[in-house]
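> Sending over a structure as structure tokens; questions will come in a sec.
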Amino acid sequence: MTNEVIRQLNDQQLEEFNKEYVGALEWETIKNLIEQNFQGKRFSFLDIGGGNGIFTDRILQNYPESVGTIIDNASILLELNKPNLRKTLLLASVEELNNIFENSTEFDLIFFNWALHHFVKSSYSETRKIQYQALMNARSLLSENGYISIFENIYDGIVFAKLPSYLIFYLTSSKILAPIIKKMGANTAGCGVCFLSKSQWEYTITDAGLIVSQYTDYKKWKDINIMRRIMRRIFLHIGPVRHGHFWLSKK
Ligand SMILES: C[S@@+](CC[C@H](N)C(=O)[O-])C[C@H]1O[C@@H](n2cnc3c(N)ncnc32)[C@H](O)[C@@H]1O
């Protein structure tokens with residue numbers, strides 16, 4: 001690994017993430033899995049890229065026996081957190097996970113809610129490596145019967161599954177193209193974003209020593225703008241986009 005750190009969006013770009021992505025359907029999935037696996041027991045969780053804390057607060061409120069920690073490298077989002085005695089906030093990057101927590105630290109549940117695609121370095125291969133590394137580091141902090149929960153966008157190519165992932169990465173991470181890409185609506189222009197196909201997510205998960213205990217697919221996104229849909233198909237090779245939930249345990 002090089003010494004290069006994960007790129008960070010600027011404050012203006014980060015402000016757009018002051019929202020909550022887990023809606024009613026996604027919450028139903030999480031609630032069922034927590035109830036099946038922790039059945040009223042006390043559990044500790046880590047919310048990686050937990051930002052403004054809305055998701056963590058929901059877990060803390062619904063499960064009064066739980067205790068949570070958020071790690072996020074954006075102070076502008078962490079500062080929005082409501083105080084809670086059962087919540088710890090850490091201003092740090094996911095790369096520092098294993099330096100921050102002692103060997104003995106264990107979490108029963110580790111969340112990556114739409115965070116992994118933001119772990120971006122200057123090249124595609126370094127970016128893929130850091131996504132894998134983040135999962136490996138999270139795995140090492142997991143209790144024996146713990147789970148990792150991932151919500152992610154799934155970008156499959158029409159014919160070549162991985163092609164949209166490469167194209168979107170190169171276009172959004174280019175500093176030269178940033179003004180054009182920003183005009184085209186990409187909030188991550190100049191920094192980069194690394195969405196993956198379903199098989200790339202599965203490969204990375206398996207490679208990190210984890211198994212998918214349950215996968216939930218959500219409805220395909222429908223862009224009502226036909227022109228934009230056609231352009232995305234022609235220039236970015238993007239098929240129908242959706243998001244999915246991976247519930248992982250140790251192998
Ligand atoms: C799309 S937002 C998702 C926020 C929240 N998890 C949710 O679902 O609403 C991505 C989050 O990942 C955080 N993030 C990006 N890079 C990070 C890094 N290297 N270490 C920790 N957090 C990071 C961002 O600051 C942001 O809060």
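FYI, nothing fancy with the structure tokens labels: chains A, B, ... in order, residues from 1 per chain, ligands from 1 as they appear.
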Would you write out, as JSON lines, a table of all residues in chain A that have an atom no more than 7 Å from an atom of ligand 1, listing for each the closest atom pair and the distance in Å to one decimal, considering only C-alpha atoms and all ligand atoms and ordering rows by chain and rising residue number?

```
{"residue": "A:Ile6", "atom": "CA", "partner": "ligand 1", "partner_atom_place_in_ligand_line": "19 (N)", "distance": 5.4}
{"residue": "A:Gln8", "atom": "CA", "partner": "ligand 1", "partner_atom_place_in_ligand_line": "16 (N)", "distance": 6.1}
{"residue": "A:Leu14", "atom": "CA", "partner": "ligand 1", "partner_atom_place_in_ligand_line": "25 (O)", "distance": 6.5}
{"residue": "A:Phe17", "atom": "CA", "partner": "ligand 1", "partner_atom_place_in_ligand_line": "2 (S)", "distance": 5.2}
{"residue": "A:Lys19", "atom": "CA", "partner": "ligand 1", "partner_atom_place_in_ligand_line": "9 (O)", "distance": 5.7}
{"residue": "A:Glu20", "atom": "CA", "partner": "ligand 1", "partner_atom_place_in_ligand_line": "9 (O)", "distance": 4.0}
{"residue": "A:Tyr21", "atom": "CA", "partner": "ligand 1", "partner_atom_place_in_ligand_line": "9 (O)", "distance": 4.6}
{"residue": "A:Val22", "atom": "CA", "partner": "ligand 1", "partner_atom_place_in_ligand_line": "8 (O)", "distance": 6.1}
{"residue": "A:Ile48", "atom": "CA", "partner": "ligand 1", "partner_atom_place_in_ligand_line": "22 (N)", "distance": 5.9}
{"residue": "A:Gly49", "atom": "CA", "partner": "ligand 1", "partner_atom_place_in_ligand_line": "12 (O)", "distance": 3.6}
{"residue": "A:Gly50", "atom": "CA", "partner": "ligand 1", "partner_atom_place_in_ligand_line": "6 (N)", "distance": 4.1}
{"residue": "A:Gly51", "atom": "CA", "partner": "ligand 1", "partner_atom_place_in_ligand_line": "27 (O)", "distance": 3.6}
{"residue": "A:Asn52", "atom": "CA", "partner": "ligand 1", "partner_atom_place_in_ligand_line": "27 (O)", "distance": 6.9}
{"residue": "A:Phe55", "atom": "CA", "partner": "ligand 1", "partner_atom_place_in_ligand_line": "9 (O)", "distance": 6.8}
{"residue": "A:Ile71", "atom": "CA", "partner": "ligand 1", "partner_atom_place_in_ligand_line": "21 (C)", "distance": 5.8}
{"residue": "A:Asp72", "atom": "CA", "partner": "ligand 1", "partner_atom_place_in_ligand_line": "22 (N)", "distance": 3.7}
{"residue": "A:Asn73", "atom": "CA", "partner": "ligand 1", "partner_atom_place_in_ligand_line": "21 (C)", "distance": 4.6}
{"residue": "A:Ala74", "atom": "CA", "partner": "ligand 1", "partner_atom_place_in_ligand_line": "25 (O)", "distance": 4.5}
{"residue": "A:Leu77", "atom": "CA", "partner": "ligand 1", "partner_atom_place_in_ligand_line": "27 (O)", "distance": 6.3}
{"residue": "A:Ala92", "atom": "CA", "partner": "ligand 1", "partner_atom_place_in_ligand_line": "20 (N)", "distance": 6.2}
{"residue": "A:Ser93", "atom": "CA", "partner": "ligand 1", "partner_atom_place_in_ligand_line": "20 (N)", "distance": 3.4}
{"residue": "A:Val94", "atom": "CA", "partner": "ligand 1", "partner_atom_place_in_ligand_line": "20 (N)", "distance": 4.0}
{"residue": "A:Glu95", "atom": "CA", "partner": "ligand 1", "partner_atom_place_in_ligand_line": "19 (N)", "distance": 6.5}
{"residue": "A:Phe112", "atom": "CA", "partner": "ligand 1", "partner_atom_place_in_ligand_line": "6 (N)", "distance": 6.5}
{"residue": "A:Asn113", "atom": "CA", "partner": "ligand 1", "partner_atom_place_in_ligand_line": "6 (N)", "distance": 4.3}
{"residue": "A:Trp114", "atom": "CA", "partner": "ligand 1", "partner_atom_place_in_ligand_line": "3 (C)", "distance": 5.0}
{"residue": "A:Ala115", "atom": "CA", "partner": "ligand 1", "partner_atom_place_in_ligand_line": "12 (O)", "distance": 4.3}
{"residue": "A:His118", "atom": "CA", "partner": "ligand 1", "partner_atom_place_in_ligand_line": "15 (C)", "distance": 5.1}
{"residue": "A:Phe119", "atom": "CA", "partner": "ligand 1", "partner_atom_place_in_ligand_line": "16 (N)", "distance": 5.3}
```
> Generate the output file for the selected residues, C-alpha atoms, as a PDB file, in the first residue's frame.

```
ATOM      1  CA  ILE A   6      -8.308   8.364   1.036  1.00  0.00           C
ATOM      2  CA  GLN A   8     -12.023  13.640   0.905  1.00  0.00           C
ATOM      3  CA  LEU A  14     -20.205  16.875   1.989  1.00  0.00           C
ATOM      4  CA  PHE A  17     -24.833  14.111   2.569  1.00  0.00           C
ATOM      5  CA  LYS A  19     -29.596  13.422   4.846  1.00  0.00           C
ATOM      6  CA  GLU A  20     -30.596   9.887   5.698  1.00  0.00           C
ATOM      7  CA  TYR A  21     -30.482   7.182   3.050  1.00  0.00           C
ATOM      8  CA  VAL A  22     -32.100   4.393   5.070  1.00  0.00           C
ATOM      9  CA  ILE A  48     -18.482   3.600   9.534  1.00  0.00           C
ATOM     10  CA  GLY A  49     -19.173   6.822   7.598  1.00  0.00           C
ATOM     11  CA  GLY A  50     -22.139   7.424   9.893  1.00  0.00           C
ATOM     12  CA  GLY A  51     -22.026  11.200   9.248  1.00  0.00           C
ATOM     13  CA  ASN A  52     -24.850  13.161  10.891  1.00  0.00           C
ATOM     14  CA  PHE A  55     -29.080   6.130  11.454  1.00  0.00           C
ATOM     15  CA  ILE A  71     -16.356   6.987  12.760  1.00  0.00           C
ATOM     16  CA  ASP A  72     -16.354   9.601  10.010  1.00  0.00           C
ATOM     17  CA  ASN A  73     -13.623  11.860   8.600  1.00  0.00           C
ATOM     18  CA  ALA A  74     -16.008  14.782   7.931  1.00  0.00           C
ATOM     19  CA  LEU A  77     -21.214  16.048   9.382  1.00  0.00           C
ATOM     20  CA  ALA A  92     -11.067   9.777  11.764  1.00  0.00           C
ATOM     21  CA  SER A  93     -10.756   7.950   8.470  1.00  0.00           C
ATOM     22  CA  VAL A  94     -11.628   4.298   8.032  1.00  0.00           C
ATOM     23  CA  GLU A  95      -7.938   3.666   7.246  1.00  0.00           C
ATOM     24  CA  PHE A 112     -21.225   0.630   6.050  1.00  0.00           C
ATOM     25  CA  ASN A 113     -24.266   2.559   4.826  1.00  0.00           C
ATOM     26  CA  TRP A 114     -23.384   3.889   1.380  1.00  0.00           C
ATOM     27  CA  ALA A 115     -19.843   4.582   2.600  1.00  0.00           C
ATOM     28  CA  HIS A 118     -16.511   6.908  -1.153  1.00  0.00           C
ATOM     29  CA  PHE A 119     -13.224   5.276  -0.120  1.00  0.00           C
TER      30      PHE A 119
END
```
> What's the 10 Å shell around A:Phe160, counting only C-alpha atoms, without same-chain residues fewer than 3 positions away, as a list in words?
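The filter keeps Asp156, Gly157, Leu163, Pro164, Ser197, His237, Ile238 and Gly239 of chain A.
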> From the list A:Gln131, A:Ser44, A:Asn153, A:Thr88, which residue is nearest A:Asp217 when using only C-alpha atoms?
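Closest to A:Asp217, using only C-alpha atoms: A:Asn153.
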> Give the answer as one residue: which of A:Phe107, A:Tyr63, A:Phe246, A:Tyr124 has the shortest atom-to-atom distance to A:Ile205, using only C-alpha atoms?
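Selected residue with least distance to A:Ile205: A:Phe246.
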> Taking only C-alpha atoms into account, which of A:Ser173, A:Thr216, A:Thr69, A:Ser143 comes nearest A:His243?
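Nearest candidate to A:His243 out of A:Ser173, A:Thr216, A:Thr69, A:Ser143: A:Thr216.
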> If you run DSSP on the backbone, which residues of stretch 55-185 of chain A are helix (DSSP H, G or I), as a ChimeraX atom specification?
/A:55-62,75-78,94-100,116-118,124-140,163-173,178-183
> How about saving the chosen residues, C-alpha atoms kept, as a PDB file, in the first residue's frame?

```pdb
ATOM      1  CA  PHE A  55     -29.080   6.130  11.454  1.00  0.00           C
ATOM      2  CA  THR A  56     -27.125   5.500  14.667  1.00  0.00           C
ATOM      3  CA  ASP A  57     -29.734   7.446  16.669  1.00  0.00           C
ATOM      4  CA  ARG A  58     -32.477   5.265  15.191  1.00  0.00           C
ATOM      5  CA  ILE A  59     -30.685   2.098  16.284  1.00  0.00           C
ATOM      6  CA  LEU A  60     -30.042   3.514  19.765  1.00  0.00           C
ATOM      7  CA  GLN A  61     -33.674   4.559  20.121  1.00  0.00           C
ATOM      8  CA  ASN A  62     -35.116   1.224  18.943  1.00  0.00           C
ATOM      9  CA  SER A  75     -16.184  17.125  10.933  1.00  0.00           C
ATOM     10  CA  ILE A  76     -18.914  19.123   9.175  1.00  0.00           C
ATOM     11  CA  LEU A  77     -21.214  16.048   9.382  1.00  0.00           C
ATOM     12  CA  LEU A  78     -20.100  14.720  12.770  1.00  0.00           C
ATOM     13  CA  VAL A  94     -11.628   4.298   8.032  1.00  0.00           C
ATOM     14  CA  GLU A  95      -7.938   3.666   7.246  1.00  0.00           C
ATOM     15  CA  GLU A  96      -7.140   4.346  10.881  1.00  0.00           C
ATOM     16  CA  LEU A  97      -9.586   1.736  12.253  1.00  0.00           C
ATOM     17  CA  ASN A  98      -6.981  -0.694  13.506  1.00  0.00           C
ATOM     18  CA  ASN A  99      -4.826   2.040  15.079  1.00  0.00           C
ATOM     19  CA  ILE A 100      -7.792   3.544  16.927  1.00  0.00           C
ATOM     20  CA  LEU A 116     -17.599   2.061   0.783  1.00  0.00           C
ATOM     21  CA  HIS A 117     -17.964   3.710  -2.646  1.00  0.00           C
ATOM     22  CA  HIS A 118     -16.511   6.908  -1.153  1.00  0.00           C
ATOM     23  CA  TYR A 124      -8.676   2.541  -9.615  1.00  0.00           C
ATOM     24  CA  SER A 125      -6.530  -0.336  -8.324  1.00  0.00           C
ATOM     25  CA  GLU A 126      -5.573   1.519  -5.096  1.00  0.00           C
ATOM     26  CA  THR A 127      -9.249   2.383  -4.609  1.00  0.00           C
ATOM     27  CA  ARG A 128     -10.334  -1.246  -4.984  1.00  0.00           C
ATOM     28  CA  LYS A 129      -7.559  -2.232  -2.573  1.00  0.00           C
ATOM     29  CA  ILE A 130      -8.737   0.220   0.096  1.00  0.00           C
ATOM     30  CA  GLN A 131     -12.353  -0.976  -0.193  1.00  0.00           C
ATOM     31  CA  TYR A 132     -11.096  -4.522   0.423  1.00  0.00           C
ATOM     32  CA  GLN A 133      -8.810  -3.334   3.246  1.00  0.00           C
ATOM     33  CA  ALA A 134     -11.701  -1.502   4.932  1.00  0.00           C
ATOM     34  CA  LEU A 135     -13.700  -4.741   4.986  1.00  0.00           C
ATOM     35  CA  MET A 136     -10.713  -6.733   6.263  1.00  0.00           C
ATOM     36  CA  ASN A 137     -10.128  -4.208   9.070  1.00  0.00           C
ATOM     37  CA  ALA A 138     -13.816  -4.222   9.971  1.00  0.00           C
ATOM     38  CA  ARG A 139     -13.761  -8.034  10.023  1.00  0.00           C
ATOM     39  CA  SER A 140     -10.882  -7.974  12.523  1.00  0.00           C
ATOM     40  CA  LEU A 163     -17.243  -1.263 -17.195  1.00  0.00           C
ATOM     41  CA  PRO A 164     -19.495   1.412 -15.559  1.00  0.00           C
ATOM     42  CA  SER A 165     -17.429   1.133 -12.360  1.00  0.00           C
ATOM     43  CA  TYR A 166     -14.188   2.000 -14.243  1.00  0.00           C
ATOM     44  CA  LEU A 167     -15.770   4.718 -16.367  1.00  0.00           C
ATOM     45  CA  ILE A 168     -17.508   6.472 -13.459  1.00  0.00           C
ATOM     46  CA  PHE A 169     -14.328   6.285 -11.384  1.00  0.00           C
ATOM     47  CA  TYR A 170     -12.099   7.796 -14.076  1.00  0.00           C
ATOM     48  CA  LEU A 171     -14.548  10.538 -14.984  1.00  0.00           C
ATOM     49  CA  THR A 172     -15.333  11.602 -11.401  1.00  0.00           C
ATOM     50  CA  SER A 173     -11.762  11.344 -10.082  1.00  0.00           C
ATOM     51  CA  ALA A 178     -14.138  18.164 -12.753  1.00  0.00           C
ATOM     52  CA  PRO A 179     -15.914  21.327 -14.038  1.00  0.00           C
ATOM     53  CA  ILE A 180     -17.643  19.366 -16.858  1.00  0.00           C
ATOM     54  CA  ILE A 181     -18.492  16.339 -14.703  1.00  0.00           C
ATOM     55  CA  LYS A 182     -19.881  18.641 -12.003  1.00  0.00           C
ATOM     56  CA  LYS A 183     -22.115  20.344 -14.603  1.00  0.00           C
TER      57      LYS A 183
END
```
> Between atom CA of A:Leu196 and atom CA of A:Val120, what is the spacing in Å?
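Calculated distance between atom CA of A:Val120 and atom CA of A:Leu196 is 12.5 Å.
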> Atom CA of A:Leu80 and atom CA of A:Asn18, how far apart in Å?
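Computing the Euclidean distance for atom CA of A:Asn18 and atom CA of A:Leu80 yields 8.5 Å.
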> Enumerate, as a list in words, the complete set of residues in stretch 130-178 of chain A that a backbone-based DSSP assignment places in strand (DSSP E or B).
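Of stretch 130-178 of chain A, only Leu142, Ser143, Glu144, Asn145, Gly146, Tyr147, Ile148, Ser149, Ile150, Phe151, Glu152, Asn153, Ile154, Tyr155, Asp156 and Gly157 of chain A fall in strand (DSSP E or B).
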> Using only N, CA and C atoms, please write the residues we just selected to a file, as a PDB file, in the first residue's frame.

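The resulting file, part-v9.pdb, is shown below:
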```pdb
ATOM      1  N   LEU A 142     -14.716  -7.556  14.517  1.00  0.00           N
ATOM      2  CA  LEU A 142     -16.037  -8.177  14.691  1.00  0.00           C
ATOM      3  C   LEU A 142     -16.003  -9.258  15.774  1.00  0.00           C
ATOM      4  N   SER A 143     -17.031  -9.259  16.623  1.00  0.00           N
ATOM      5  CA  SER A 143     -17.112 -10.316  17.646  1.00  0.00           C
ATOM      6  C   SER A 143     -17.377 -11.667  16.957  1.00  0.00           C
ATOM      7  N   GLU A 144     -17.216 -12.743  17.688  1.00  0.00           N
ATOM      8  CA  GLU A 144     -17.307 -14.091  17.118  1.00  0.00           C
ATOM      9  C   GLU A 144     -18.579 -14.301  16.281  1.00  0.00           C
ATOM     10  N   ASN A 145     -19.712 -13.893  16.857  1.00  0.00           N
ATOM     11  CA  ASN A 145     -20.975 -14.096  16.126  1.00  0.00           C
ATOM     12  C   ASN A 145     -21.518 -12.793  15.554  1.00  0.00           C
ATOM     13  N   GLY A 146     -20.590 -11.882  15.243  1.00  0.00           N
ATOM     14  CA  GLY A 146     -21.006 -10.564  14.761  1.00  0.00           C
ATOM     15  C   GLY A 146     -21.318 -10.530  13.269  1.00  0.00           C
ATOM     16  N   TYR A 147     -21.873  -9.404  12.844  1.00  0.00           N
ATOM     17  CA  TYR A 147     -22.250  -9.236  11.437  1.00  0.00           C
ATOM     18  C   TYR A 147     -21.775  -7.884  10.897  1.00  0.00           C
ATOM     19  N   ILE A 148     -21.502  -7.869   9.607  1.00  0.00           N
ATOM     20  CA  ILE A 148     -21.235  -6.606   8.909  1.00  0.00           C
ATOM     21  C   ILE A 148     -22.419  -6.360   7.983  1.00  0.00           C
ATOM     22  N   SER A 149     -22.918  -5.133   8.006  1.00  0.00           N
ATOM     23  CA  SER A 149     -24.097  -4.785   7.218  1.00  0.00           C
ATOM     24  C   SER A 149     -23.693  -3.710   6.206  1.00  0.00           C
ATOM     25  N   ILE A 150     -23.953  -3.981   4.939  1.00  0.00           N
ATOM     26  CA  ILE A 150     -23.555  -3.019   3.890  1.00  0.00           C
ATOM     27  C   ILE A 150     -24.752  -2.652   3.011  1.00  0.00           C
ATOM     28  N   PHE A 151     -25.009  -1.356   2.881  1.00  0.00           N
ATOM     29  CA  PHE A 151     -25.924  -0.880   1.846  1.00  0.00           C
ATOM     30  C   PHE A 151     -25.045  -0.290   0.753  1.00  0.00           C
ATOM     31  N   GLU A 152     -25.274  -0.693  -0.467  1.00  0.00           N
ATOM     32  CA  GLU A 152     -24.490  -0.137  -1.568  1.00  0.00           C
ATOM     33  C   GLU A 152     -25.301  -0.038  -2.853  1.00  0.00           C
ATOM     34  N   ASN A 153     -24.890   0.878  -3.713  1.00  0.00           N
ATOM     35  CA  ASN A 153     -25.478   0.985  -5.035  1.00  0.00           C
ATOM     36  C   ASN A 153     -24.845  -0.077  -5.925  1.00  0.00           C
ATOM     37  N   ILE A 154     -25.654  -0.643  -6.792  1.00  0.00           N
ATOM     38  CA  ILE A 154     -25.160  -1.703  -7.678  1.00  0.00           C
ATOM     39  C   ILE A 154     -25.219  -1.178  -9.115  1.00  0.00           C
ATOM     40  N   TYR A 155     -24.052  -1.056  -9.721  1.00  0.00           N
ATOM     41  CA  TYR A 155     -23.962  -0.591 -11.109  1.00  0.00           C
ATOM     42  C   TYR A 155     -23.459  -1.738 -11.975  1.00  0.00           C
ATOM     43  N   ASP A 156     -24.370  -2.419 -12.659  1.00  0.00           N
ATOM     44  CA  ASP A 156     -23.954  -3.491 -13.573  1.00  0.00           C
ATOM     45  C   ASP A 156     -23.919  -2.946 -14.995  1.00  0.00           C
ATOM     46  N   GLY A 157     -22.891  -3.324 -15.737  1.00  0.00           N
ATOM     47  CA  GLY A 157     -22.826  -2.915 -17.142  1.00  0.00           C
ATOM     48  C   GLY A 157     -23.825  -3.698 -17.976  1.00  0.00           C
TER      49      GLY A 157
END
```
> Give the answer as one residue: which of A:Arg86, A:Arg42, A:Lys162, A:Lys121 has the shortest atom-to-atom distance to A:Leu236, using only C-alpha atoms?
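The closest residue to A:Leu236 is A:Lys162.
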> One decimal, Å: what's the distance from atom CA of A:Asn187 over to atom CA of A:Met231, could you say?
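Computing the Euclidean distance for atom CA of A:Asn187 and atom CA of A:Met231 yields 18.0 Å.
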> Select, from A:Leu141, A:Leu248, A:Ile34, A:Val193, the residue with the minimum atom-to-atom distance to A:Ser123, counting only C-alpha atoms.
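Going through A:Leu141, A:Leu248, A:Ile34, A:Val193 one by one, the smallest distance to A:Ser123 is for A:Val193.
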> Using only C-alpha atoms, which residue out of A:Lys198, A:Lys82, A:Lys250, A:His245 lies closest to A:Thr29?
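Result for the nearest residue to A:Thr29: A:His245.
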> What lies within 9 Å of A:Ser174 using only C-alpha atoms, ignoring chain neighbours under 5 positions off, as a count of residues only?
7
